[in-house]
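Have a look at the structure below before the remarks.
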Amino acid sequence: EEIARAVAAGTEVQEGDPAAIAEAEEDFDVRACPACRYYFHETYLTCPGCGAELVPAVECFVADQLEPDLVIVAHGDEEVVVAIKSRLVAAGFRPEAWEIEGWPAAVVQLTWRELTDRTKEAEAILRASHA
(Lines give C-alpha, C1' and ligand atoms only; values in the text may rest on other atoms or scores of the structure.)
Protein backbone atom coordinates (compact mmCIF):
# COMPACT_ATOMS: atom_id res chain seq x y z
CA GLU A 1 0.00 0.00 0.00
CA GLU A 2 2.82 2.40 0.85
CA ILE A 3 4.46 1.81 -2.52
CA ALA A 4 1.18 2.24 -4.39
CA ARG A 5 0.47 5.50 -2.53
CA ALA A 6 3.95 6.81 -3.27
CA VAL A 7 3.64 6.00 -6.95
CA ALA A 8 0.15 7.49 -7.14
CA ALA A 9 1.31 10.66 -5.39
CA GLY A 10 4.29 10.95 -7.72
CA THR A 11 6.72 10.82 -4.83
CA GLU A 12 9.68 8.56 -4.51
CA VAL A 13 10.16 5.97 -1.81
CA GLN A 14 13.37 6.70 0.07
CA GLU A 15 16.22 4.59 -1.27
CA GLY A 16 17.12 2.03 1.33
CA ASP A 17 13.82 2.35 3.22
CA PRO A 18 13.76 -1.16 4.76
CA ALA A 19 9.98 -1.29 5.19
CA ALA A 20 9.33 -0.28 1.58
CA ILE A 21 11.94 -2.72 0.25
CA ALA A 22 10.52 -5.60 2.30
CA GLU A 23 6.99 -4.83 1.14
CA ALA A 24 8.03 -4.63 -2.51
CA GLU A 25 9.87 -7.94 -2.29
CA GLU A 26 6.90 -9.55 -0.54
CA ASP A 27 4.31 -8.23 -2.96
CA PHE A 28 6.12 -8.71 -6.24
CA ASP A 29 8.39 -11.74 -5.82
CA VAL A 30 7.16 -14.09 -8.50
CA ARG A 31 9.23 -17.04 -9.66
CA ALA A 32 9.04 -19.17 -12.79
CA CYS A 33 9.91 -22.69 -13.83
CA PRO A 34 12.33 -22.50 -16.76
CA ALA A 35 11.25 -25.98 -17.90
CA CYS A 36 7.45 -25.81 -17.49
CA ARG A 37 7.07 -22.05 -18.06
CA TYR A 38 4.58 -21.59 -15.22
CA TYR A 39 4.77 -18.74 -12.72
CA PHE A 40 4.65 -19.19 -8.94
CA HIS A 41 4.01 -17.00 -5.94
CA GLU A 42 7.03 -16.38 -3.71
CA THR A 43 6.32 -19.28 -1.38
CA TYR A 44 7.69 -21.76 -3.96
CA LEU A 45 11.37 -22.67 -4.31
CA THR A 46 10.98 -25.56 -6.76
CA CYS A 47 8.42 -26.47 -9.39
CA PRO A 48 5.84 -28.92 -7.97
CA GLY A 49 5.49 -30.40 -11.46
CA CYS A 50 9.03 -31.17 -12.55
CA GLY A 51 11.09 -30.32 -9.46
CA ALA A 52 13.25 -27.72 -11.25
CA GLU A 53 14.67 -24.86 -9.21
CA LEU A 54 12.66 -21.72 -9.89
CA VAL A 55 14.20 -18.54 -11.26
CA PRO A 56 13.02 -14.92 -11.17
CA ALA A 57 9.97 -14.65 -13.43
CA VAL A 58 11.59 -12.07 -15.67
CA GLU A 59 14.08 -14.71 -16.82
CA CYS A 60 11.20 -16.61 -18.46
CA PHE A 61 9.31 -13.68 -19.98
CA VAL A 62 9.00 -13.53 -23.74
CA ALA A 63 9.87 -10.35 -25.63
CA ASP A 64 7.89 -7.32 -24.43
CA GLN A 65 6.27 -9.28 -21.58
CA LEU A 66 6.03 -7.15 -18.44
CA GLU A 67 4.20 -9.51 -16.10
CA PRO A 68 2.76 -13.03 -15.99
CA ASP A 69 -0.91 -13.51 -16.75
CA LEU A 70 -1.49 -16.15 -14.08
CA VAL A 71 0.45 -17.12 -10.95
CA ILE A 72 0.21 -20.48 -9.19
CA VAL A 73 -0.48 -19.83 -5.51
CA ALA A 74 -1.20 -23.36 -4.26
CA HIS A 75 -1.12 -26.99 -5.33
CA GLY A 76 -2.20 -30.35 -3.97
CA ASP A 77 -4.61 -33.19 -4.55
CA GLU A 78 -8.10 -32.41 -5.86
CA GLU A 79 -9.63 -32.11 -2.38
CA VAL A 80 -6.99 -29.59 -1.22
CA VAL A 81 -7.23 -27.53 -4.40
CA VAL A 82 -11.04 -27.39 -4.29
CA ALA A 83 -10.94 -26.27 -0.64
CA ILE A 84 -8.40 -23.50 -1.32
CA LYS A 85 -10.30 -22.34 -4.39
CA SER A 86 -13.52 -22.20 -2.33
CA ARG A 87 -11.86 -20.06 0.37
CA LEU A 88 -10.51 -17.66 -2.23
CA VAL A 89 -13.90 -17.43 -3.97
CA ALA A 90 -15.60 -16.73 -0.63
CA ALA A 91 -13.19 -13.80 -0.14
CA GLY A 92 -14.07 -12.36 -3.55
CA PHE A 93 -11.12 -13.67 -5.57
CA ARG A 94 -11.53 -15.28 -9.00
CA PRO A 95 -9.16 -18.27 -8.83
CA GLU A 96 -8.69 -20.93 -11.46
CA ALA A 97 -8.12 -24.52 -10.35
CA TRP A 98 -7.02 -27.23 -12.73
CA GLU A 99 -4.78 -30.18 -13.34
CA ILE A 100 -1.65 -29.85 -15.44
CA GLU A 101 -1.02 -32.88 -17.62
CA GLY A 102 1.83 -34.97 -16.28
CA TRP A 103 1.96 -33.20 -12.91
CA PRO A 104 1.42 -35.11 -9.66
CA ALA A 105 -0.79 -32.30 -8.28
CA ALA A 106 -3.53 -29.90 -9.29
CA VAL A 107 -2.99 -26.14 -8.94
CA VAL A 108 -4.79 -22.96 -7.95
CA GLN A 109 -3.94 -19.81 -9.89
CA LEU A 110 -4.78 -16.14 -9.53
CA THR A 111 -4.30 -13.43 -12.10
CA TRP A 112 -1.16 -11.36 -11.62
CA ARG A 113 -3.22 -8.20 -11.14
CA GLU A 114 -5.50 -9.74 -8.55
CA LEU A 115 -2.55 -11.20 -6.64
CA THR A 116 -0.59 -7.95 -6.59
CA ASP A 117 -3.65 -5.89 -5.68
CA ARG A 118 -4.57 -8.17 -2.77
CA THR A 119 -1.35 -9.97 -1.81
CA LYS A 120 -1.70 -9.86 1.96
CA GLU A 121 -5.32 -11.02 1.83
CA ALA A 122 -4.49 -13.90 -0.52
CA GLU A 123 -1.52 -14.95 1.60
CA ALA A 124 -3.65 -14.95 4.77
CA ILE A 125 -6.12 -17.32 3.08
CA LEU A 126 -3.34 -19.55 1.80
CA ARG A 127 -1.63 -19.70 5.21
CA ALA A 128 -4.95 -20.58 6.87
CA SER A 129 -5.46 -23.32 4.28
CA HIS A 130 -2.19 -24.98 5.29
CA ALA A 131 -2.77 -24.70 9.04
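By order of appearance in the C-alpha coordinates: chains A, B, ..., then residues from 1 within every chain, and ligands from 1 in the order shown.
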
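The residues of region 43-72 of chain A that DSSP assigns to strand (DSSP E or B) on this backbone come out as Thr46, Glu53, Val55, Pro56, Leu70, Val71 and Ile72 of chain A.
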
What lies within 10 Å of region 45-57 of chain A using only C-alpha atoms, ignoring chain neighbours under 2 positions off, as a ChimeraX atom specification? /A:29-43,59-61,66-68,74-76,100-107

Mind dumping the selected residues with N, CA and C atoms as an mmCIF file, in the first residue's frame?
```cif
data_model
loop_
_atom_site.group_PDB
_atom_site.id
_atom_site.type_symbol
_atom_site.label_atom_id
_atom_site.label_comp_id
_atom_site.auth_asym_id
_atom_site.auth_seq_id
_atom_site.Cartn_x
_atom_site.Cartn_y
_atom_site.Cartn_z
ATOM 1 N N ASP A 29 7.432 -10.678 -5.595
ATOM 2 C CA ASP A 29 8.394 -11.741 -5.817
ATOM 3 C C ASP A 29 7.696 -12.932 -6.461
ATOM 4 N N VAL A 30 7.762 -12.979 -7.764
ATOM 5 C CA VAL A 30 7.164 -14.090 -8.501
ATOM 6 C C VAL A 30 8.296 -14.855 -9.175
ATOM 7 N N ARG A 31 8.227 -16.165 -9.090
ATOM 8 C CA ARG A 31 9.232 -17.041 -9.662
ATOM 9 C C ARG A 31 8.641 -17.788 -10.846
ATOM 10 N N ALA A 32 9.499 -18.417 -11.628
ATOM 11 C CA ALA A 32 9.036 -19.172 -12.792
ATOM 12 C C ALA A 32 9.855 -20.444 -12.927
ATOM 13 N N CYS A 33 9.221 -21.448 -13.520
ATOM 14 C CA CYS A 33 9.913 -22.687 -13.834
ATOM 15 C C CYS A 33 10.461 -22.558 -15.249
ATOM 16 N N PRO A 34 11.765 -22.623 -15.411
ATOM 17 C CA PRO A 34 12.327 -22.495 -16.760
ATOM 18 C C PRO A 34 11.970 -23.669 -17.670
ATOM 19 N N ALA A 35 11.611 -24.809 -17.099
ATOM 20 C CA ALA A 35 11.251 -25.979 -17.902
ATOM 21 C C ALA A 35 9.769 -25.981 -18.262
ATOM 22 N N CYS A 36 8.910 -25.739 -17.280
ATOM 23 C CA CYS A 36 7.453 -25.810 -17.493
ATOM 24 C C CYS A 36 6.843 -24.492 -17.967
ATOM 25 N N ARG A 37 7.539 -23.391 -17.686
ATOM 26 C CA ARG A 37 7.071 -22.052 -18.064
ATOM 27 C C ARG A 37 5.801 -21.627 -17.332
ATOM 28 N N TYR A 38 5.661 -22.065 -16.083
ATOM 29 C CA TYR A 38 4.582 -21.591 -15.218
ATOM 30 C C TYR A 38 5.182 -20.643 -14.194
ATOM 31 N N TYR A 39 4.343 -19.732 -13.698
ATOM 32 C CA TYR A 39 4.774 -18.737 -12.723
ATOM 33 C C TYR A 39 4.212 -19.085 -11.350
ATOM 34 N N PHE A 40 5.000 -18.795 -10.297
ATOM 35 C CA PHE A 40 4.652 -19.193 -8.939
ATOM 36 C C PHE A 40 4.799 -18.026 -7.978
ATOM 37 N N HIS A 41 3.909 -17.995 -6.991
ATOM 38 C CA HIS A 41 4.014 -16.997 -5.941
ATOM 39 C C HIS A 41 5.253 -17.294 -5.109
ATOM 40 N N GLU A 42 5.742 -16.315 -4.408
ATOM 41 C CA GLU A 42 7.025 -16.378 -3.715
ATOM 42 C C GLU A 42 7.206 -17.513 -2.715
ATOM 43 N N THR A 43 6.168 -18.192 -2.350
ATOM 44 C CA THR A 43 6.315 -19.277 -1.382
ATOM 45 C C THR A 43 6.956 -20.525 -1.984
ATOM 46 N N GLU A 59 13.187 -13.879 -16.011
ATOM 47 C CA GLU A 59 14.081 -14.706 -16.822
ATOM 48 C C GLU A 59 13.313 -15.600 -17.796
ATOM 49 N N CYS A 60 12.011 -15.757 -17.580
ATOM 50 C CA CYS A 60 11.204 -16.609 -18.462
ATOM 51 C C CYS A 60 10.225 -15.801 -19.317
ATOM 52 N N PHE A 61 10.223 -14.499 -19.170
ATOM 53 C CA PHE A 61 9.315 -13.676 -19.976
ATOM 54 C C PHE A 61 9.725 -13.726 -21.440
ATOM 55 N N LEU A 66 5.737 -7.926 -19.632
ATOM 56 C CA LEU A 66 6.034 -7.152 -18.437
ATOM 57 C C LEU A 66 5.613 -7.844 -17.151
ATOM 58 N N GLU A 67 4.693 -8.807 -17.275
ATOM 59 C CA GLU A 67 4.197 -9.513 -16.099
ATOM 60 C C GLU A 67 3.560 -10.823 -16.544
ATOM 61 N N PRO A 68 3.455 -11.782 -15.622
ATOM 62 C CA PRO A 68 2.762 -13.027 -15.986
ATOM 63 C C PRO A 68 1.258 -12.803 -16.009
ATOM 64 N N ALA A 74 -1.067 -22.159 -5.089
ATOM 65 C CA ALA A 74 -1.201 -23.364 -4.264
ATOM 66 C C ALA A 74 -1.297 -24.584 -5.167
ATOM 67 N N HIS A 75 -0.971 -25.736 -4.594
ATOM 68 C CA HIS A 75 -1.124 -26.992 -5.327
ATOM 69 C C HIS A 75 -1.430 -28.094 -4.321
ATOM 70 N N GLY A 76 -1.897 -29.209 -4.825
ATOM 71 C CA GLY A 76 -2.199 -30.353 -3.975
ATOM 72 C C GLY A 76 -3.121 -31.309 -4.691
ATOM 73 N N ILE A 100 -2.607 -30.025 -14.357
ATOM 74 C CA ILE A 100 -1.647 -29.855 -15.445
ATOM 75 C C ILE A 100 -1.207 -31.252 -15.861
ATOM 76 N N GLU A 101 -1.345 -31.550 -17.128
ATOM 77 C CA GLU A 101 -1.018 -32.882 -17.623
ATOM 78 C C GLU A 101 0.413 -33.268 -17.256
ATOM 79 N N GLY A 102 0.535 -34.450 -16.658
ATOM 80 C CA GLY A 102 1.835 -34.966 -16.281
ATOM 81 C C GLY A 102 2.316 -34.531 -14.898
ATOM 82 N N TRP A 103 1.571 -33.643 -14.248
ATOM 83 C CA TRP A 103 1.964 -33.197 -12.906
ATOM 84 C C TRP A 103 1.322 -34.086 -11.860
ATOM 85 N N PRO A 104 1.995 -34.279 -10.727
ATOM 86 C CA PRO A 104 1.425 -35.110 -9.664
ATOM 87 C C PRO A 104 0.389 -34.377 -8.800
ATOM 88 N N ALA A 105 0.140 -33.099 -9.098
ATOM 89 C CA ALA A 105 -0.790 -32.303 -8.284
ATOM 90 C C ALA A 105 -1.566 -31.333 -9.151
ATOM 91 N N ALA A 106 -2.738 -30.953 -8.658
ATOM 92 C CA ALA A 106 -3.529 -29.904 -9.294
ATOM 93 C C ALA A 106 -3.057 -28.563 -8.730
ATOM 94 N N VAL A 107 -3.448 -27.460 -9.372
ATOM 95 C CA VAL A 107 -2.989 -26.140 -8.942
ATOM 96 C C VAL A 107 -4.146 -25.157 -8.817
#
```

Residue nearest Glu99 (chain A) - candidates A:Ala122, A:Leu70, A:Val62, A:Val82, atoms counted: only C-alpha atoms: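 Counting only C-alpha atoms, the residue closest to Glu99 (chain A) is A:Val82.
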
Please measure the separation of CA of His130 (chain A) and CA of Val81 (chain A), giving the value in Å to one decimal.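 Interatomic distance, CA of His130 (chain A) to CA of Val81 (chain A): 11.2 Å.
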